[in-house]
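coords.cif follows; it contains mmCIF, C-alpha atoms and all ligand atoms.
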data_start
#
loop_
_atom_site.label_atom_id
_atom_site.label_comp_id
_atom_site.auth_asym_id
_atom_site.auth_seq_id
_atom_site.Cartn_x
_atom_site.Cartn_y
_atom_site.Cartn_z
CA MET A 120 54.19 135.86 124.48
CA LYS A 121 57.42 135.46 122.53
CA GLU A 122 60.58 134.52 124.39
CA ARG A 123 62.21 137.71 125.65
CA ILE A 124 65.36 138.95 123.94
CA TYR A 125 67.57 140.87 126.30
CA LEU A 126 69.90 143.82 125.91
CA ALA A 127 72.63 141.82 127.67
CA SER A 128 72.07 139.02 130.17
CA PRO A 129 74.27 136.54 132.05
CA HIS A 130 75.77 133.89 129.77
CA MET A 131 77.43 131.02 131.56
CA SER A 132 79.89 128.76 129.74
CA GLU A 133 78.57 125.69 127.91
CA GLU A 134 81.33 123.71 129.62
CA GLY A 135 80.00 124.54 133.10
CA TYR A 136 83.29 126.02 134.32
CA GLU A 137 81.50 128.37 136.70
CA GLN A 138 79.56 125.57 138.40
CA SER A 139 82.65 123.45 138.89
CA TYR A 140 84.46 126.27 140.71
CA VAL A 141 81.37 126.97 142.80
CA LYS A 142 81.00 123.26 143.55
CA GLU A 143 84.62 123.17 144.66
CA ALA A 144 83.91 126.07 147.01
CA PHE A 145 81.00 124.11 148.54
CA GLU A 146 82.96 120.87 148.81
CA THR A 147 85.85 122.54 150.59
CA ASN A 148 83.45 124.65 152.67
CA TRP A 149 85.05 127.85 151.38
CA VAL A 150 81.54 129.29 151.29
CA ALA A 151 82.43 131.90 153.85
CA PRO A 152 84.21 134.99 152.55
CA LEU A 153 87.60 134.72 150.91
CA GLY A 154 89.27 131.46 150.00
CA PRO A 155 91.19 130.14 147.00
CA ASN A 156 88.72 131.25 144.29
CA VAL A 157 89.18 134.88 145.32
CA THR A 158 92.97 134.69 145.19
CA ASN A 159 92.91 132.75 141.93
CA PHE A 160 90.36 135.04 140.30
CA GLU A 161 92.52 138.02 141.25
CA GLN A 162 95.60 136.39 139.74
CA GLU A 163 93.87 135.16 136.61
CA LEU A 164 92.36 138.55 135.90
CA ALA A 165 95.72 140.24 136.57
CA THR A 166 97.31 137.94 134.00
CA TYR A 167 94.52 138.50 131.48
CA VAL A 168 94.77 142.29 131.53
CA GLY A 169 98.50 142.39 132.25
CA VAL A 170 98.61 144.28 135.51
CA ASN A 171 100.66 143.87 138.69
CA SER A 172 97.94 143.64 141.28
CA THR A 173 94.20 143.36 141.77
CA SER A 174 91.61 143.50 144.54
CA ALA A 175 88.33 141.56 144.15
CA LEU A 176 85.41 143.54 145.54
CA SER A 177 81.64 143.28 145.92
CA SER A 178 80.85 145.64 143.02
CA GLY A 179 82.28 148.01 140.47
CA THR A 180 80.81 150.87 142.49
CA ALA A 181 82.71 149.71 145.58
CA ALA A 182 85.87 149.59 143.45
CA ILE A 183 85.35 153.20 142.31
CA HIS A 184 84.69 154.25 145.91
CA LEU A 185 87.88 152.67 147.25
CA GLY A 186 89.85 153.67 144.16
CA LEU A 187 89.04 157.34 144.67
CA LYS A 188 89.82 157.02 148.37
CA ALA A 189 93.17 155.43 147.52
CA LEU A 190 93.92 158.39 145.25
CA GLY A 191 93.42 160.62 148.28
CA VAL A 192 89.97 162.05 147.53
CA GLU A 193 88.50 163.59 150.66
CA ALA A 194 85.63 165.84 151.70
CA GLY A 195 85.87 169.22 149.99
CA ASP A 196 87.95 167.96 147.06
CA VAL A 197 86.99 168.22 143.41
CA VAL A 198 86.86 165.19 141.05
CA PHE A 199 86.39 165.44 137.28
CA CYS A 200 84.20 162.76 135.66
CA SER A 201 82.81 161.90 132.21
CA THR A 202 79.21 163.06 132.02
CA LEU A 203 77.98 160.39 129.58
CA THR A 204 77.92 157.37 131.89
CA PHE A 205 75.99 155.38 134.47
CA SER A 206 75.55 157.13 137.83
CA ALA A 207 77.83 154.60 139.55
CA SER A 208 80.81 156.40 137.99
CA CYS A 209 80.16 159.50 140.09
CA ASN A 210 78.06 158.48 143.11
CA PRO A 211 81.26 157.53 144.99
CA ILE A 212 82.51 161.11 144.55
CA LEU A 213 79.58 162.14 146.73
CA TYR A 214 80.10 159.23 149.16
CA LEU A 215 83.48 160.83 149.89
CA GLY A 216 82.01 164.31 150.32
CA ALA A 217 83.81 165.60 147.23
CA THR A 218 82.38 167.68 144.38
CA PRO A 219 82.01 166.26 140.87
CA VAL A 220 82.73 168.35 137.78
CA PHE A 221 81.35 166.84 134.59
CA ILE A 222 83.14 166.71 131.24
CA ASP A 223 81.38 166.37 127.89
CA SER A 224 82.04 163.62 125.34
CA ASP A 225 84.02 163.68 122.15
CA ALA A 226 81.82 162.91 119.12
CA LYS A 227 84.18 160.28 117.72
CA THR A 228 84.89 158.23 120.87
CA TRP A 229 81.68 159.00 122.83
CA ASN A 230 84.07 159.28 125.80
CA MET A 231 85.72 162.18 127.65
CA CYS A 232 86.53 165.05 125.29
CA PRO A 233 90.16 166.16 125.81
CA LYS A 234 89.31 169.72 124.73
CA ALA A 235 86.52 170.01 127.30
CA LEU A 236 88.87 168.49 129.87
CA LYS A 237 91.41 171.21 129.07
CA LEU A 238 88.78 173.91 129.63
CA ALA A 239 87.90 172.34 132.97
CA PHE A 240 91.56 172.26 134.04
CA GLU A 241 92.08 175.88 133.04
CA ALA A 242 89.03 176.95 135.05
CA ALA A 243 90.19 174.83 138.00
CA GLU A 244 93.61 176.44 137.93
CA LYS A 245 92.06 179.91 137.97
CA ASN A 246 89.86 178.98 140.95
CA ASN A 247 92.67 177.20 142.75
CA GLN A 248 90.56 174.01 142.72
CA ILE A 249 92.76 171.48 140.91
CA PRO A 250 90.93 168.11 141.08
CA LYS A 251 92.23 165.23 143.19
CA ALA A 252 91.38 162.72 140.44
CA VAL A 253 89.81 162.35 137.00
CA VAL A 254 87.32 159.50 136.41
CA VAL A 255 87.59 158.51 132.74
CA VAL A 256 84.79 156.20 131.59
CA ASN A 257 85.17 153.75 128.68
CA LEU A 258 81.64 153.58 127.36
CA TYR A 259 79.80 150.62 125.81
CA GLY A 260 83.05 148.68 125.46
CA GLN A 261 85.25 151.27 123.81
CA SER A 262 88.26 153.00 125.36
CA ALA A 263 88.48 156.75 125.64
CA ASP A 264 91.27 158.40 123.63
CA MET A 265 93.66 158.14 126.56
CA ASP A 266 96.83 159.82 125.21
CA PRO A 267 95.63 163.45 125.17
CA ILE A 268 93.80 162.88 128.47
CA ILE A 269 96.96 161.50 130.10
CA GLU A 270 98.99 164.39 128.72
CA LEU A 271 96.70 166.92 130.38
CA CYS A 272 96.51 164.98 133.64
CA GLU A 273 100.31 164.75 133.75
CA GLN A 274 100.61 168.46 133.11
CA TYR A 275 98.40 169.15 136.15
CA GLN A 276 99.75 166.13 138.09
CA VAL A 277 96.32 164.63 138.64
CA PRO A 278 95.84 160.82 138.76
CA ILE A 279 93.34 158.97 136.56
CA LEU A 280 90.79 156.40 137.69
CA GLU A 281 89.73 154.45 134.63
CA ASP A 282 86.13 153.25 134.87
CA ALA A 283 86.39 150.17 132.66
CA ALA A 284 83.21 148.59 134.06
CA GLU A 285 81.94 148.19 130.49
CA SER A 286 85.23 147.65 128.64
CA LEU A 287 86.91 144.54 130.07
CA GLY A 288 88.96 142.95 127.28
CA ALA A 289 88.99 146.06 125.08
CA THR A 290 92.33 147.62 124.13
CA TYR A 291 93.81 151.05 123.50
CA LYS A 292 96.99 151.15 121.39
CA GLY A 293 97.75 147.57 122.38
CA ARG A 294 97.14 148.05 126.10
CA MET A 295 94.17 146.67 128.00
CA SER A 296 91.42 149.12 128.83
CA GLY A 297 91.42 149.66 132.59
CA THR A 298 95.19 149.30 132.97
CA ILE A 299 96.18 152.66 131.53
CA GLY A 300 95.13 154.99 134.33
CA ASP A 301 96.70 154.98 137.82
CA ILE A 302 93.82 152.77 138.97
CA GLY A 303 91.28 150.85 136.88
CA ILE A 304 88.03 149.18 137.82
CA TYR A 305 85.89 146.45 136.26
CA SER A 306 82.33 145.38 137.02
CA PHE A 307 80.86 141.88 136.96
CA ASN A 308 77.26 143.00 137.33
CA GLY A 309 74.63 140.82 135.65
CA ASN A 310 74.50 142.69 132.35
CA LYS A 311 78.24 143.22 131.85
CA ILE A 312 80.30 141.26 129.30
CA ILE A 313 81.10 138.67 131.98
CA THR A 314 79.33 138.43 135.31
CA THR A 315 79.72 136.96 138.77
CA SER A 316 76.05 137.85 139.53
CA GLY A 317 77.54 140.95 141.12
CA GLY A 318 81.10 141.98 141.77
CA GLY A 319 83.97 144.25 140.86
CA MET A 320 87.73 144.43 140.63
CA LEU A 321 90.19 147.21 141.32
CA VAL A 322 93.43 146.91 139.34
CA SER A 323 96.69 148.82 139.35
CA ASN A 324 100.36 148.51 138.57
CA ASN A 325 100.91 150.14 141.94
CA GLU A 326 100.43 147.46 144.59
CA ALA A 327 100.02 150.05 147.32
CA TYR A 328 96.59 150.94 145.89
CA THR A 329 95.21 147.41 145.63
CA LYS A 330 96.57 146.43 149.07
CA LYS A 331 94.95 149.46 150.63
CA ALA A 332 91.65 148.68 148.87
CA THR A 333 91.67 145.10 150.15
CA PHE A 334 92.44 146.34 153.66
CA TRP A 335 89.59 148.87 153.66
CA ALA A 336 87.24 146.32 152.04
CA THR A 337 87.74 143.92 154.94
CA GLN A 338 86.77 146.41 157.67
CA SER A 339 90.27 147.91 157.97
CA ARG A 340 91.26 145.20 160.40
CA GLU A 341 94.83 145.65 161.62
CA ALA A 342 97.19 142.67 161.83
CA GLU A 343 96.48 141.88 165.48
CA ARG A 344 94.98 138.86 167.23
CA HIS A 345 92.11 140.98 168.53
CA TYR A 346 90.05 143.33 166.36
CA GLU A 347 92.07 146.52 166.09
CA HIS A 348 90.92 149.42 163.89
CA LYS A 349 92.80 152.60 163.10
CA GLU A 350 90.82 153.53 160.02
CA ILE A 351 87.21 153.47 158.90
CA GLY A 352 86.34 150.13 157.28
CA PHE A 353 83.99 148.76 154.62
CA ASN A 354 82.45 145.35 153.94
CA TYR A 355 83.30 145.35 150.24
CA ARG A 356 85.21 142.11 149.63
CA MET A 357 84.14 139.60 146.96
CA SER A 358 83.04 136.22 148.32
CA ASN A 359 84.69 132.93 147.41
CA VAL A 360 81.50 131.56 145.81
CA VAL A 361 81.07 134.60 143.59
CA ALA A 362 84.76 134.54 142.61
CA GLY A 363 84.25 130.96 141.39
CA ILE A 364 81.70 132.20 138.87
CA GLY A 365 84.20 134.85 137.80
CA ARG A 366 86.96 132.32 137.19
CA GLY A 367 84.68 130.31 134.92
CA GLN A 368 83.50 133.41 133.08
CA LEU A 369 87.04 134.61 132.45
CA LYS A 370 87.64 131.47 130.41
CA VAL A 371 84.92 132.48 127.93
CA LEU A 372 85.59 136.23 127.85
CA ASN A 373 87.32 136.13 124.46
CA GLU A 374 84.45 134.09 123.02
CA ARG A 375 81.97 136.65 124.34
CA ILE A 376 83.93 139.53 122.78
CA ALA A 377 84.01 137.73 119.41
CA LYS A 378 80.24 137.22 119.55
CA LYS A 379 79.57 140.83 120.61
CA LYS A 380 81.67 142.01 117.66
CA GLU A 381 79.71 139.80 115.29
CA ILE A 382 76.45 141.24 116.65
CA TYR A 383 77.70 144.80 116.08
CA GLU A 384 78.94 144.03 112.57
CA THR A 385 75.65 142.37 111.65
CA TYR A 386 73.71 145.48 112.66
CA GLN A 387 76.21 147.69 110.87
CA GLU A 388 75.93 145.76 107.63
CA ALA A 389 72.14 145.57 107.83
CA PHE A 390 71.63 149.28 108.49
CA LYS A 391 74.13 150.50 105.90
CA GLU A 392 71.30 151.06 103.43
CA ILE A 393 69.26 153.15 105.86
CA GLU A 394 70.45 156.70 105.58
CA GLU A 395 68.94 157.81 108.91
CA ILE A 396 70.86 155.24 110.98
CA GLU A 397 74.46 155.53 112.14
CA MET A 398 76.11 152.91 114.31
CA MET A 399 78.33 154.13 117.19
CA ASN A 400 81.75 154.96 115.77
CA ILE A 401 84.47 152.42 116.55
CA CYS A 402 87.88 154.10 116.67
CA ASP A 403 90.95 152.52 115.13
CA PHE A 404 93.17 153.27 118.18
CA GLY A 405 92.14 149.94 119.70
CA GLN A 406 89.73 147.03 119.87
CA SER A 407 86.31 147.53 121.43
CA ASN A 408 84.72 144.66 123.35
CA TYR A 409 81.41 145.73 121.73
CA TRP A 410 79.55 145.33 125.02
CA LEU A 411 76.47 147.07 123.62
CA SER A 412 75.68 147.83 119.98
CA VAL A 413 74.47 151.41 119.92
CA MET A 414 72.90 153.36 117.06
CA THR A 415 71.99 156.98 116.59
CA LEU A 416 69.27 158.38 114.38
CA LYS A 417 70.00 161.47 112.32
CA GLU A 418 68.36 164.69 113.44
CA THR A 419 66.28 164.67 110.24
CA SER A 420 64.95 161.14 110.80
CA LYS A 421 61.18 160.92 111.13
CA VAL A 422 61.64 157.72 113.11
CA LYS A 423 62.70 158.57 116.68
CA PRO A 424 64.46 156.41 119.28
CA LEU A 425 61.20 155.90 121.15
CA ASP A 426 59.55 154.49 117.99
CA ILE A 427 62.28 151.86 117.78
CA MET A 428 62.12 151.01 121.48
CA LEU A 429 58.31 150.67 121.36
CA ALA A 430 58.35 148.55 118.20
CA LEU A 431 60.85 146.17 119.83
CA GLU A 432 59.04 146.14 123.19
CA ALA A 433 55.83 145.08 121.43
CA GLU A 434 57.68 141.89 120.44
CA ASN A 435 59.13 141.40 123.94
CA ILE A 436 62.57 142.65 122.88
CA GLU A 437 64.59 144.81 125.26
CA SER A 438 66.38 147.99 124.17
CA ARG A 439 67.08 151.24 125.97
CA PRO A 440 68.11 154.85 125.57
CA VAL A 441 71.75 155.93 125.75
CA TRP A 442 72.80 156.92 129.30
CA LYS A 443 71.25 160.21 130.34
CA PRO A 444 74.23 162.53 130.99
CA MET A 445 75.06 163.13 134.64
CA HIS A 446 74.97 166.93 134.33
CA LEU A 447 71.26 166.63 133.44
CA GLN A 448 70.39 164.39 136.40
CA PRO A 449 68.38 166.06 139.18
CA ILE A 450 70.87 164.80 141.79
CA PHE A 451 73.93 166.14 139.92
CA LYS A 452 72.73 169.12 137.88
CA GLN A 453 73.95 171.68 140.44
CA TYR A 454 77.58 170.76 139.68
CA PRO A 455 79.77 172.36 136.99
CA PHE A 456 79.84 170.97 133.46
CA PHE A 457 82.35 171.66 130.69
CA THR A 458 81.79 171.31 126.97
CA VAL A 459 83.33 172.78 123.82
CA SER A 460 80.09 172.48 121.83
CA GLU A 461 78.57 175.76 120.80
CA ASN A 462 75.12 174.30 120.42
CA ILE A 463 73.95 171.11 122.07
CA PRO A 464 76.64 169.21 124.03
CA VAL A 465 77.73 165.92 122.41
CA SER A 466 76.52 163.85 125.37
CA GLU A 467 73.03 165.39 125.27
CA ASP A 468 72.84 164.95 121.52
CA TYR A 469 73.69 161.24 121.79
CA PHE A 470 71.22 160.83 124.64
CA ASN A 471 68.50 162.36 122.45
CA ARG A 472 69.30 160.39 119.30
CA GLY A 473 70.69 157.08 120.59
CA VAL A 474 69.30 153.58 121.10
CA CYS A 475 71.12 150.65 122.71
CA LEU A 476 70.17 147.60 120.67
CA PRO A 477 69.80 144.04 121.95
CA SER A 478 73.38 142.74 122.27
CA ASP A 479 72.84 139.53 124.19
CA THR A 480 75.46 136.90 123.33
CA LYS A 481 72.80 134.17 123.61
CA MET A 482 70.78 135.85 120.84
CA THR A 483 70.50 133.64 117.73
CA THR A 484 71.09 134.83 114.15
CA GLU A 485 67.35 134.40 113.50
CA GLN A 486 66.50 136.56 116.49
CA GLN A 487 68.89 139.29 115.40
CA ASN A 488 67.52 139.19 111.86
CA HIS A 489 64.03 139.53 113.29
CA ILE A 490 65.12 142.64 115.24
CA ILE A 491 66.70 144.09 112.10
CA GLU A 492 63.51 143.50 110.09
CA LEU A 493 61.36 145.12 112.78
CA ILE A 494 63.55 148.22 112.72
CA LYS A 495 63.82 148.38 108.92
CA LYS A 496 60.02 148.23 108.63
CA LEU A 497 59.81 151.57 110.44
CA PHE A 498 61.64 153.38 107.64
C1 LIG B 1 78.03 148.92 135.65
C2 LIG B 1 78.81 150.15 135.76
C3 LIG B 1 79.37 150.57 136.98
C4 LIG B 1 79.05 149.94 138.30
O1 LIG B 1 79.35 148.62 138.46
P1 LIG B 1 78.54 147.74 139.53
O2 LIG B 1 79.30 146.47 139.56
O3 LIG B 1 77.14 147.58 139.01
O4 LIG B 1 78.57 148.45 140.83
C5 LIG B 1 80.18 151.68 136.98
N1 LIG B 1 80.42 152.37 135.87
C6 LIG B 1 79.87 152.03 134.69
C7 LIG B 1 80.22 152.84 133.48
C8 LIG B 1 79.05 150.92 134.59
O5 LIG B 1 78.48 150.61 133.42
#
Translate this structure into structure tokens?
Amino acid sequence: MKERIYLASPHMSEEGYEQSYVKEAFETNWVAPLGPNVTNFEQELATYVGVNSTSALSSGTAAIHLGLKALGVEAGDVVFCSTLTFSASCNPILYLGATPVFIDSDAKTWNMCPKALKLAFEAAEKNNQIPKAVVVVNLYGQSADMDPIIELCEQYQVPILEDAAESLGATYKGRMSGTIGDIGIYSFNGNKIITTSGGGMLVSNNEAYTKKATFWATQSREAERHYEHKEIGFNYRMSNVVAGIGRGQLKVLNERIAKKKEIYETYQEAFKEIEEIEMMNICDFGQSNYWLSVMTLKETSKVKPLDIMLALEAENIESRPVWKPMHLQPIFKQYPFFTVSENIPVSEDYFNRGVCLPSDTKMTTEQQNHIIELIKKLF
């Protein structure tokens, strides 16, 4: 069996930065929760993205959960959310007993369509159900077109939670993805652009939000000698060992982005000559971090996404479909969905025609060329 090529897998620094921070944690016995790596990771990430305050948590999902809670989402509320995403973007809406309303994608950005968002707001106004928050996802490393989304949210005075789990290091009009909404979140899950094995970060320019998140994440323990609790608590804090991995990974984030971009551009160049293939559009309003290279096949193509996935799988190469939209998921399909498409919604169309290609930063040029040849042979 050939060595497996992954979609995206953990890639530790050649220098061993991660291990030295972890070693330090062991040597100082800061193995138990919290400790200097957590504080330093929070500060270093805050500096990297240019934000006032951060809260290191056990996962991106936990960060979304506490972020929505900080924005005041409660049982019975409504929360708008991009439909083309991973379920972790909207599961926390249900944790809080609120109702999700899904918004279709824009064909150019793949992210929340401002026109569909407008429709959703107009309907919400009519029903007297203005949402408590809007979860805007930045898919596959690219920011949503934030300006028109912000304009609408300001008009209705609704805060934005930016799900930047996939877009750490990307920019939108010179600002870091994840720092544009009222609250942003990042994920350090194993397949993300940098990883801590598992972890997340909540960021905001409003310190009240991050402080509250840290408080809730440590069991809502009041500042008393004994254990005093006035609010419900969670065990969501990042550990000091895990934060050490994060500190090391942050040092190679720019290198990883450069490599991801090279991978995307190599696919783009190689598939130029194949009429049926289109690479995911990269917008000129910012820099993507190119987390995953994604292609779509034209409707008329005889080769279908499954043909590509099977051809790669036969050679032990991982690829996968585009996220299945949330409004099509059995668990979420009962909730409202807004689109401006007259025929098939953009998100469904991309789900049907898309393939996420191997985008592992440890992939060699030879391996990528092999993948390209395998795909080209199908046409
Ligand atoms: C990975 C991911 C999350 C969840 O992050 P975890 O750290 O795995 O909990 C949320 N939203 C999106 C868009 C993601 O890709």
Excluding A:Thr415 and any residue of its chain fewer than 5 positions from it, enumerate the residues within 9 Å of it, using only C-alpha atoms, and give them as a list of chain:residue names.
->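 Counting only C-alpha atoms, the residues come to A:Glu395, A:Ile396, A:Glu397, A:Met398, A:Met399, A:Pro424, A:Tyr469, A:Phe470, A:Asn471, A:Arg472, A:Gly473, A:Val474, A:Cys475.
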May I ask you to write as a VMD selection string all residues lying at most 8 Å from ligand LIG 1 (chain B), with all atoms listed in the file counted?
-> chain A and resid 177 to 183 204 to 208 256 to 259 282 to 285 305 to 311 317 to 319
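Put simply, atom CA of A:Met131 is 23.7 Å away from atom CA of A:Val413.
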Who sits within 9 Å of A:Ser478, all atoms listed in the file, same chain under 2 positions skipped, as a VMD selection string | chain A and resid 125 to 128 379 382 to 383 409 to 412 438 475 to 476 480 to 482 487
For the selection you just gave me, I'd like the residues written to a file as a JSON list (two decimals), in the coordinates of the input, keeping C-alpha atoms.
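Output (selection_23.json):
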[["chain", "number", "residue", "atom", "x", "y", "z"],
["A", 125, "TYR", "CA", 67.57, 140.87, 126.30],
["A", 126, "LEU", "CA", 69.90, 143.82, 125.91],
["A", 127, "ALA", "CA", 72.63, 141.82, 127.67],
["A", 128, "SER", "CA", 72.07, 139.02, 130.17],
["A", 379, "LYS", "CA", 79.57, 140.83, 120.61],
["A", 382, "ILE", "CA", 76.45, 141.24, 116.65],
["A", 383, "TYR", "CA", 77.70, 144.80, 116.08],
["A", 409, "TYR", "CA", 81.41, 145.73, 121.73],
["A", 410, "TRP", "CA", 79.55, 145.33, 125.02],
["A", 411, "LEU", "CA", 76.47, 147.07, 123.62],
["A", 412, "SER", "CA", 75.68, 147.83, 119.98],
["A", 438, "SER", "CA", 66.38, 147.99, 124.17],
["A", 475, "CYS", "CA", 71.12, 150.65, 122.71],
["A", 476, "LEU", "CA", 70.17, 147.60, 120.67],
["A", 480, "THR", "CA", 75.46, 136.90, 123.33],
["A", 481, "LYS", "CA", 72.80, 134.17, 123.61],
["A", 482, "MET", "CA", 70.78, 135.85, 120.84],
["A", 487, "GLN", "CA", 68.89, 139.29, 115.40]]
Point out the residue among A:Gln453, A:Ala175, A:Asp196, A:Glu432 with the least atom-to-atom distance to A:Glu122, counting only C-alpha atoms.
->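 So, comparing all the options, the nearest one is A:Glu432.
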Need the neighbours of (89.4, 147.5, 125.7): which residues are at most 8 Å away, counting only C-alpha atoms, as a ChimeraX atom specification?
-> /A:260-262,286-291,294-297,405-408
Write out as a PyMOL selection string each polymer residue whose atoms come within 7 Å of A:Glu281, counting only C-alpha atoms; drop sequence neighbours fewer than 5 positions from it.
-> chain A and resi 254-256+297+300+302-304
Pick out the residues sitting within 12 Å of A:Phe221, and hand them over as a ChimeraX atom specification; count all atoms listed in the file, and ignore anything fewer than 6 positions along from it in its own chain.
-> /A:197-204,206,208-209,212,230-232,235-236,238-240,250,253-256,444-448,451-458,464,466
How close does stretch 139-221 of chain A get to stretch 363-366 of chain A? List, as JSON lines, each residue of stretch 139-221 of chain A within 8 Å, its nearest atom pair and the distance in Å to one decimal, counting only C-alpha atoms.
{"residue": "A:Tyr140", "atom": "CA", "partner": "A:Gly363", "partner_atom": "CA", "distance": 4.7}
{"residue": "A:Val141", "atom": "CA", "partner": "A:Gly363", "partner_atom": "CA", "distance": 5.1}
{"residue": "A:Ala144", "atom": "CA", "partner": "A:Gly363", "partner_atom": "CA", "distance": 7.5}
{"residue": "A:Asn156", "atom": "CA", "partner": "A:Gly363", "partner_atom": "CA", "distance": 5.3}
{"residue": "A:Val157", "atom": "CA", "partner": "A:Gly363", "partner_atom": "CA", "distance": 7.4}
{"residue": "A:Asn159", "atom": "CA", "partner": "A:Arg366", "partner_atom": "CA", "distance": 7.6}
{"residue": "A:Phe160", "atom": "CA", "partner": "A:Arg366", "partner_atom": "CA", "distance": 5.4}
{"residue": "A:Glu163", "atom": "CA", "partner": "A:Arg366", "partner_atom": "CA", "distance": 7.5}
Selected residue of minimal separation from A:Lys237 among A:Pro267, A:Pro278, A:Pro477, A:Pro155, counting only C-alpha atoms = A:Pro267
If you measure from atom CA of A:Ile494 to atom CA of A:Glu381, what distance in Å do you get, rounded to one decimal?
-> 18.4 Å
Non-local contacts of A:Ile490 (10 Å; all atoms listed in the file; under 4 positions in same chain excluded) as a PyMOL selection string = chain A and resi 124+386+427+430-431+434+436+476-477+484-486+494-495
